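In what follows, a single structure is set out as C-alpha coordinates and then discussed.
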Amino acid sequence: KELLRSVALKLHDLLRSFMLWVLSAGPIPSHIAIIMDGNRRFADRLGVDRWIGHIHGYEALMRTLKDCFDLHVKTVSLYAFSIDNFRRPPDEVSALMDLMQNKLESLIEKEGIARSYGVRVRVLGDLALLPEGVRKAAEKVMELTMHNQNAVLNLFVSYSSTHEIVRSAQKIRDDFWYYFRHDVDTDKSGENAKCIMKGNRDVFGSLFGHDVDSVESGRKAICAQKDCSSSFGYAMDPDDSGEKTSCMQDLERLLEKHVTEKEIERHLYTESCAPPELLIRTSGETRLSNFMLWQTSFSHLAFSKVLWPEFSSKDLFFVILEYQRAYPALLQKQQSCKKVAS
(Lines give C-alpha, C1' and ligand atoms only; values in the text may rest on other atoms or scores of the structure.)
Protein backbone atom coordinates (compact mmCIF):
# COMPACT_ATOMS: atom_id res chain seq x y z
CA LYS A 1 0.00 0.00 0.00
CA GLU A 2 2.81 2.40 0.86
CA LEU A 3 4.50 1.66 -2.46
CA LEU A 4 1.26 2.27 -4.39
CA ARG A 5 0.71 5.48 -2.45
CA SER A 6 4.23 6.68 -3.25
CA VAL A 7 3.80 5.87 -6.94
CA ALA A 8 0.42 7.63 -7.02
CA LEU A 9 1.91 10.77 -5.44
CA LYS A 10 4.77 10.84 -7.92
CA LEU A 11 2.37 10.41 -10.83
CA HIS A 12 0.23 13.21 -9.44
CA ASP A 13 3.27 15.50 -9.17
CA LEU A 14 4.32 14.65 -12.72
CA LEU A 15 0.83 15.34 -14.06
CA ARG A 16 0.68 18.63 -12.15
CA SER A 17 4.08 19.70 -13.53
CA PHE A 18 2.97 18.79 -17.05
CA MET A 19 -0.25 20.84 -16.73
CA LEU A 20 1.64 23.86 -15.40
CA TRP A 21 4.12 23.55 -18.26
CA VAL A 22 1.31 23.46 -20.83
CA LEU A 23 -0.33 26.54 -19.32
CA SER A 24 2.95 28.46 -19.24
CA ALA A 25 2.99 28.39 -23.05
CA GLY A 26 0.02 30.78 -23.11
CA PRO A 27 -0.93 34.04 -21.36
CA ILE A 28 -1.16 33.68 -17.58
CA PRO A 29 -3.46 36.10 -15.73
CA SER A 30 -1.41 38.37 -13.49
CA HIS A 31 -4.34 38.73 -11.06
CA ILE A 32 -6.81 35.96 -10.21
CA ALA A 33 -9.82 36.52 -7.94
CA ILE A 34 -11.60 33.55 -6.36
CA ILE A 35 -15.00 33.18 -4.68
CA MET A 36 -14.48 30.03 -2.62
CA ASP A 37 -17.99 28.61 -2.48
CA GLY A 38 -19.22 25.18 -1.41
CA ASN A 39 -17.59 24.43 1.97
CA ARG A 40 -20.90 24.05 3.77
CA ARG A 41 -22.49 21.92 1.05
CA PHE A 42 -19.40 19.72 1.06
CA ALA A 43 -19.77 19.16 4.81
CA ASP A 44 -23.53 18.54 4.52
CA ARG A 45 -22.91 15.96 1.82
CA LEU A 46 -20.46 14.13 4.11
CA GLY A 47 -22.81 14.46 7.07
CA VAL A 48 -20.22 16.26 9.25
CA ASP A 49 -20.11 19.61 11.06
CA ARG A 50 -19.79 22.57 8.73
CA TRP A 51 -16.54 23.79 10.28
CA ILE A 52 -14.95 20.57 8.96
CA GLY A 53 -16.00 21.66 5.48
CA HIS A 54 -14.16 24.95 6.04
CA ILE A 55 -11.03 23.04 7.09
CA HIS A 56 -11.14 21.05 3.84
CA GLY A 57 -11.69 24.36 2.07
CA TYR A 58 -8.48 25.72 3.60
CA GLU A 59 -6.57 22.69 2.29
CA ALA A 60 -7.96 23.36 -1.19
CA LEU A 61 -6.88 26.97 -0.82
CA MET A 62 -3.28 26.03 -0.06
CA ARG A 63 -3.18 23.72 -3.11
CA THR A 64 -4.59 26.43 -5.36
CA LEU A 65 -2.28 29.15 -4.05
CA LYS A 66 0.76 26.96 -4.71
CA ASP A 67 -0.46 26.31 -8.25
CA CYS A 68 -1.03 30.03 -8.85
CA PHE A 69 2.32 31.12 -7.48
CA ASP A 70 4.14 28.34 -9.36
CA LEU A 71 2.53 29.79 -12.50
CA HIS A 72 3.94 33.21 -11.48
CA VAL A 73 0.53 34.78 -10.90
CA LYS A 74 1.37 38.11 -9.25
CA THR A 75 -1.84 38.71 -7.29
CA VAL A 76 -4.50 36.38 -5.88
CA SER A 77 -7.63 37.86 -4.28
CA LEU A 78 -9.83 35.63 -2.13
CA TYR A 79 -13.38 36.24 -0.91
CA ALA A 80 -12.93 34.75 2.54
CA PHE A 81 -15.80 36.27 4.54
CA SER A 82 -18.45 38.79 3.56
CA ILE A 83 -20.23 41.28 5.80
CA ASP A 84 -23.44 39.32 5.15
CA ASN A 85 -21.78 36.17 6.54
CA PHE A 86 -22.07 37.65 10.04
CA ARG A 87 -25.80 36.81 9.77
CA ARG A 88 -25.04 33.09 9.84
CA PRO A 89 -25.66 31.08 13.04
CA PRO A 90 -23.42 32.42 15.87
CA ASP A 91 -21.75 29.04 16.43
CA GLU A 92 -20.72 28.82 12.79
CA VAL A 93 -19.44 32.42 12.72
CA SER A 94 -17.45 31.83 15.91
CA ALA A 95 -15.90 28.64 14.51
CA LEU A 96 -15.03 30.47 11.28
CA MET A 97 -13.38 33.32 13.18
CA ASP A 98 -11.29 30.86 15.23
CA LEU A 99 -10.26 29.03 12.05
CA MET A 100 -9.41 32.31 10.34
CA GLN A 101 -7.22 33.45 13.22
CA ASN A 102 -5.39 30.12 13.29
CA LYS A 103 -4.83 30.01 9.54
CA LEU A 104 -3.72 33.64 9.34
CA GLU A 105 -1.00 32.86 11.85
CA SER A 106 0.02 29.72 9.94
CA LEU A 107 0.68 31.77 6.79
CA ILE A 108 3.79 33.28 8.37
CA GLU A 109 5.17 30.11 9.92
CA LYS A 110 8.49 28.78 8.66
CA GLU A 111 6.81 26.52 6.11
CA GLY A 112 3.91 28.90 5.54
CA ILE A 113 3.10 30.03 2.03
CA ALA A 114 3.98 33.67 2.72
CA ARG A 115 7.57 32.74 3.55
CA SER A 116 7.91 29.93 1.01
CA TYR A 117 6.90 32.12 -1.93
CA GLY A 118 7.76 35.60 -0.63
CA VAL A 119 4.11 36.69 -0.61
CA ARG A 120 2.82 39.94 0.81
CA VAL A 121 -0.47 39.31 2.61
CA ARG A 122 -3.10 42.06 2.77
CA VAL A 123 -6.29 41.58 4.79
CA LEU A 124 -8.90 43.89 3.25
CA GLY A 125 -12.35 44.90 4.43
CA ASP A 126 -13.93 46.52 7.46
CA LEU A 127 -11.54 45.02 10.00
CA ALA A 128 -13.30 46.86 12.84
CA LEU A 129 -16.10 44.27 12.55
CA LEU A 130 -13.72 41.38 13.33
CA PRO A 131 -13.12 39.94 16.80
CA GLU A 132 -10.02 41.37 18.45
CA GLY A 133 -8.00 38.16 18.11
CA VAL A 134 -8.63 37.90 14.37
CA ARG A 135 -7.93 41.60 13.84
CA LYS A 136 -4.61 41.39 15.69
CA ALA A 137 -3.62 38.28 13.73
CA ALA A 138 -4.43 40.12 10.50
CA GLU A 139 -2.38 43.14 11.53
CA LYS A 140 0.54 40.90 12.49
CA VAL A 141 0.49 39.04 9.17
CA MET A 142 0.36 42.28 7.19
CA GLU A 143 3.20 43.81 9.18
CA LEU A 144 5.50 40.80 8.89
CA THR A 145 4.93 40.33 5.14
CA MET A 146 4.78 43.96 4.01
CA HIS A 147 8.27 43.83 2.46
CA ASN A 148 7.68 40.60 0.49
CA GLN A 149 7.70 41.40 -3.22
CA ASN A 150 7.26 38.17 -5.18
CA ALA A 151 3.45 38.14 -5.08
CA VAL A 152 0.42 39.58 -3.28
CA LEU A 153 -2.35 37.69 -1.50
CA ASN A 154 -5.47 39.78 -0.86
CA LEU A 155 -7.79 38.27 1.77
CA PHE A 156 -11.16 39.98 1.72
CA VAL A 157 -12.87 39.61 5.11
CA SER A 158 -15.92 41.44 6.49
CA TYR A 159 -16.17 42.82 2.97
CA SER A 160 -18.76 43.74 0.37
CA SER A 161 -18.21 45.62 -2.86
CA THR A 162 -20.99 48.14 -2.23
CA HIS A 163 -19.49 48.89 1.20
CA GLU A 164 -16.10 49.40 -0.49
CA ILE A 165 -17.47 51.81 -3.12
CA VAL A 166 -19.40 53.84 -0.52
CA ARG A 167 -16.24 53.97 1.61
CA SER A 168 -14.28 55.23 -1.41
CA ALA A 169 -16.81 58.02 -2.03
CA GLN A 170 -16.70 59.00 1.65
CA LYS A 171 -12.90 59.17 1.56
CA ILE A 172 -13.01 61.40 -1.52
CA ARG A 173 -15.42 63.67 0.32
CA ASP A 174 -13.26 63.71 3.45
CA ASP A 175 -10.11 64.49 1.46
CA PHE A 176 -11.86 67.29 -0.36
CA TRP A 177 -13.21 68.97 2.74
CA TYR A 178 -9.94 68.48 4.58
CA TYR A 179 -8.22 70.75 2.08
CA PHE A 180 -11.10 73.06 1.13
CA ARG A 181 -13.46 73.00 4.12
CA HIS A 182 -15.11 76.26 5.23
CA ASP A 183 -15.21 77.21 8.89
CA VAL A 184 -17.27 80.08 10.32
CA ASP A 185 -15.83 83.33 11.63
CA THR A 186 -18.75 85.56 12.46
CA ASP A 187 -20.33 87.57 15.25
CA LYS A 188 -23.59 86.65 16.94
CA SER A 189 -25.65 88.72 14.53
CA GLY A 190 -24.39 86.78 11.55
CA GLU A 191 -23.08 89.95 9.89
CA ASN A 192 -19.60 90.43 8.48
CA ALA A 193 -19.10 86.67 8.09
CA LYS A 194 -15.84 85.45 6.69
CA CYS A 195 -15.05 82.01 5.41
CA ILE A 196 -11.92 80.38 6.82
CA MET A 197 -10.29 77.94 4.45
CA LYS A 198 -7.95 75.20 5.59
CA GLY A 199 -5.02 74.91 3.25
CA ASN A 200 -2.40 76.94 1.50
CA ARG A 201 -3.18 80.60 0.80
CA ASP A 202 -1.84 80.55 -2.74
CA VAL A 203 -3.80 77.39 -3.60
CA PHE A 204 -6.97 78.98 -2.24
CA GLY A 205 -6.48 82.18 -4.17
CA SER A 206 -5.79 80.42 -7.47
CA LEU A 207 -8.77 78.07 -7.13
CA PHE A 208 -11.37 80.62 -6.07
CA GLY A 209 -10.18 83.67 -7.95
CA HIS A 210 -10.29 86.19 -5.10
CA ASP A 211 -7.76 87.37 -2.57
CA VAL A 212 -7.30 85.97 0.91
CA ASP A 213 -5.90 87.26 4.17
CA SER A 214 -3.46 84.83 5.74
CA VAL A 215 -3.86 83.91 9.41
CA GLU A 216 -2.08 81.54 11.75
CA SER A 217 1.22 81.67 9.87
CA GLY A 218 -0.30 80.65 6.57
CA ARG A 219 -1.95 77.47 7.81
CA LYS A 220 -5.38 79.00 7.23
CA ALA A 221 -6.66 81.71 4.95
CA ILE A 222 -9.65 84.01 5.37
CA CYS A 223 -11.65 84.86 2.29
CA ALA A 224 -11.58 88.63 1.67
CA GLN A 225 -15.24 88.58 0.55
CA LYS A 226 -17.33 89.66 3.51
CA ASP A 227 -20.52 88.01 2.22
CA CYS A 228 -19.10 84.49 2.20
CA SER A 229 -20.12 82.53 5.31
CA SER A 230 -20.42 78.87 6.08
CA SER A 231 -21.99 76.28 8.34
CA PHE A 232 -20.86 72.72 9.00
CA GLY A 233 -18.23 72.93 6.30
CA TYR A 234 -20.42 74.34 3.51
CA ALA A 235 -20.50 77.91 2.25
CA MET A 236 -23.95 79.50 2.62
CA ASP A 237 -25.63 82.84 2.10
CA PRO A 238 -25.54 84.94 5.30
CA ASP A 239 -28.87 86.72 4.69
CA ASP A 240 -30.94 83.58 4.02
CA SER A 241 -31.81 84.87 0.57
CA GLY A 242 -31.23 81.47 -0.95
CA GLU A 243 -28.55 82.76 -3.27
CA LYS A 244 -25.22 81.00 -3.40
CA THR A 245 -22.06 82.97 -2.78
CA SER A 246 -19.26 82.84 -5.28
CA CYS A 247 -17.26 80.58 -2.95
CA MET A 248 -20.07 78.03 -2.87
CA GLN A 249 -20.33 78.00 -6.64
CA ASP A 250 -16.60 77.53 -7.01
CA LEU A 251 -16.63 74.73 -4.45
CA GLU A 252 -19.34 72.86 -6.34
CA ARG A 253 -17.44 73.11 -9.60
CA LEU A 254 -14.24 71.96 -7.89
CA LEU A 255 -15.96 69.02 -6.17
CA GLU A 256 -17.50 67.92 -9.47
CA LYS A 257 -14.04 67.81 -11.05
CA HIS A 258 -12.61 66.04 -8.01
CA VAL A 259 -15.02 63.06 -8.07
CA THR A 260 -13.68 61.00 -10.95
CA GLU A 261 -13.32 57.34 -11.85
CA LYS A 262 -9.61 57.59 -11.15
CA GLU A 263 -10.21 59.05 -7.68
CA ILE A 264 -12.75 56.33 -6.83
CA GLU A 265 -10.24 53.64 -7.81
CA ARG A 266 -7.52 55.37 -5.80
CA HIS A 267 -9.58 54.95 -2.64
CA LEU A 268 -10.63 51.32 -3.16
CA TYR A 269 -9.01 48.60 -1.05
CA THR A 270 -7.26 47.37 -4.19
CA GLU A 271 -5.84 50.74 -5.25
CA SER A 272 -2.31 49.34 -5.56
CA CYS A 273 -3.34 46.28 -7.62
CA ALA A 274 -4.28 45.89 -11.25
CA PRO A 275 -7.85 44.63 -11.80
CA PRO A 276 -8.37 40.84 -11.88
CA GLU A 277 -8.07 39.33 -15.32
CA LEU A 278 -9.77 36.13 -14.21
CA LEU A 279 -12.47 35.58 -11.59
CA ILE A 280 -13.32 32.02 -10.51
CA ARG A 281 -16.38 30.94 -8.57
CA THR A 282 -16.90 27.34 -7.51
CA SER A 283 -19.97 25.22 -6.57
CA GLY A 284 -21.97 25.97 -9.71
CA GLU A 285 -23.31 29.35 -8.57
CA THR A 286 -23.23 32.03 -11.26
CA ARG A 287 -23.29 35.13 -9.06
CA LEU A 288 -20.61 37.60 -7.97
CA SER A 289 -22.20 37.96 -4.52
CA ASN A 290 -21.11 41.58 -4.10
CA PHE A 291 -17.41 40.80 -4.65
CA MET A 292 -15.12 43.23 -6.50
CA LEU A 293 -17.95 44.56 -8.66
CA TRP A 294 -15.98 47.66 -9.67
CA GLN A 295 -12.71 45.85 -10.38
CA THR A 296 -14.07 42.97 -12.47
CA SER A 297 -15.65 45.02 -15.28
CA PHE A 298 -13.38 43.39 -17.90
CA SER A 299 -12.50 40.16 -16.09
CA HIS A 300 -13.08 36.75 -17.59
CA LEU A 301 -15.67 35.04 -15.37
CA ALA A 302 -15.30 31.29 -14.85
CA PHE A 303 -17.97 29.34 -12.95
CA SER A 304 -16.93 25.85 -11.89
CA LYS A 305 -19.47 23.25 -10.72
CA VAL A 306 -16.95 21.71 -8.33
CA LEU A 307 -17.40 22.43 -4.62
CA TRP A 308 -14.48 24.45 -3.29
CA PRO A 309 -12.94 21.72 -1.06
CA GLU A 310 -12.73 19.49 -4.17
CA PHE A 311 -11.17 22.16 -6.41
CA SER A 312 -7.90 20.72 -7.73
CA SER A 313 -4.98 21.52 -10.02
CA LYS A 314 -6.95 19.87 -12.83
CA ASP A 315 -9.87 22.26 -12.31
CA LEU A 316 -7.56 25.28 -12.24
CA PHE A 317 -5.88 23.97 -15.41
CA PHE A 318 -9.15 23.92 -17.36
CA VAL A 319 -10.25 27.31 -16.01
CA ILE A 320 -7.01 29.00 -17.10
CA LEU A 321 -7.16 27.16 -20.43
CA GLU A 322 -10.63 28.64 -20.90
CA TYR A 323 -9.20 32.09 -20.05
CA GLN A 324 -6.42 31.64 -22.62
CA ARG A 325 -8.95 30.82 -25.35
CA ALA A 326 -10.92 33.97 -24.46
CA TYR A 327 -7.82 36.14 -24.05
CA PRO A 328 -7.69 37.71 -27.56
CA ALA A 329 -11.33 38.86 -27.32
CA LEU A 330 -10.79 40.17 -23.76
CA LEU A 331 -7.70 42.10 -24.84
CA GLN A 332 -9.51 43.62 -27.81
CA LYS A 333 -12.42 44.69 -25.61
CA GLN A 334 -10.13 46.30 -23.04
CA GLN A 335 -8.20 48.20 -25.70
CA SER A 336 -11.36 49.48 -27.42
CA CYS A 337 -12.75 50.73 -24.10
CA LYS A 338 -9.47 52.52 -23.34
CA LYS A 339 -9.68 54.29 -26.70
CA VAL A 340 -13.24 55.43 -25.97
CA ALA A 341 -12.23 56.67 -22.51
CA SER A 342 -9.27 58.61 -23.88
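How things are named: the first chain in the C-alpha coordinates is A, the next is B, and so on; residues count from 1 in each chain; ligands count from 1 in the order shown.
For Trp308 of chain A, the residues within 7 Å (counting only C-alpha atoms, excluding itself and residues fewer than 3 positions away along the chain) are Met36, Asp37, Gly38, Asn39, Gly57, Ala60, Thr282, Ser283 and Phe311 of chain A.
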Selection: 12 Å around Leu127 of chain A, only C-alpha atoms, excl. self and same-chain fewer than 2 positions, as a ChimeraX atom specification: /A:81-83,122-125,129-139,155-159,269
Close residues, Ile320 of chain A itself excluded, 9 Å, only C-alpha atoms, min 2 positions apart in chain, as JSON, numbers by chain: {"A": [23, 27, 28, 29, 278, 302, 315, 316, 317, 318, 322, 323, 324, 325]}
Residues flagged alpha helix (DSSP H) by DSSP in segment 37-207 of chain A, as number ranges by chain: A: 39-46, 50-70, 90-106, 113-117, 132-145, 161-180, 201-207
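Computed from the coordinates, the atom CA of Leu331 of chain A to atom CA of His300 of chain A distance equals 10.5 Å.
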Shell of 8 Å around Asn150 of chain A, only C-alpha atoms, local chain residues under 6 positions omitted, as a list in words: Lys74, Tyr117, Gly118, Val119 and Arg120 of chain A
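Taking atom CA of Asn85 of chain A and atom CA of Val73 of chain A as the two end points, the separation is 28.4 Å.
Considering only C-alpha atoms, the residue among A:His267, A:Lys305, A:Lys140, A:His258 positioned nearest to Gly284 of chain A is A:Lys305.
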Shell of 12 Å around Arg41 of chain A, only C-alpha atoms, local chain residues under 6 positions omitted, as a PyMOL selection string: chain A and resi 47-54+56-57+282-284+306-310
Leu268 of chain A surroundings by only C-alpha atoms, 7 Å radius, close-in-sequence under 5 positions cut, as a ChimeraX atom specification: /A:164-165,168
Produce a file of the selected residues containing C-alpha atoms, as a short mmCIF file (atom, residue, chain, number, x, y, z; two decimals), in the first residue's frame.
data_model
loop_
_atom_site.label_atom_id
_atom_site.label_comp_id
_atom_site.auth_asym_id
_atom_site.auth_seq_id
_atom_site.Cartn_x
_atom_site.Cartn_y
_atom_site.Cartn_z
CA GLU A 164 -16.10 49.40 -0.49
CA ILE A 165 -17.47 51.81 -3.12
CA SER A 168 -14.28 55.23 -1.41
#
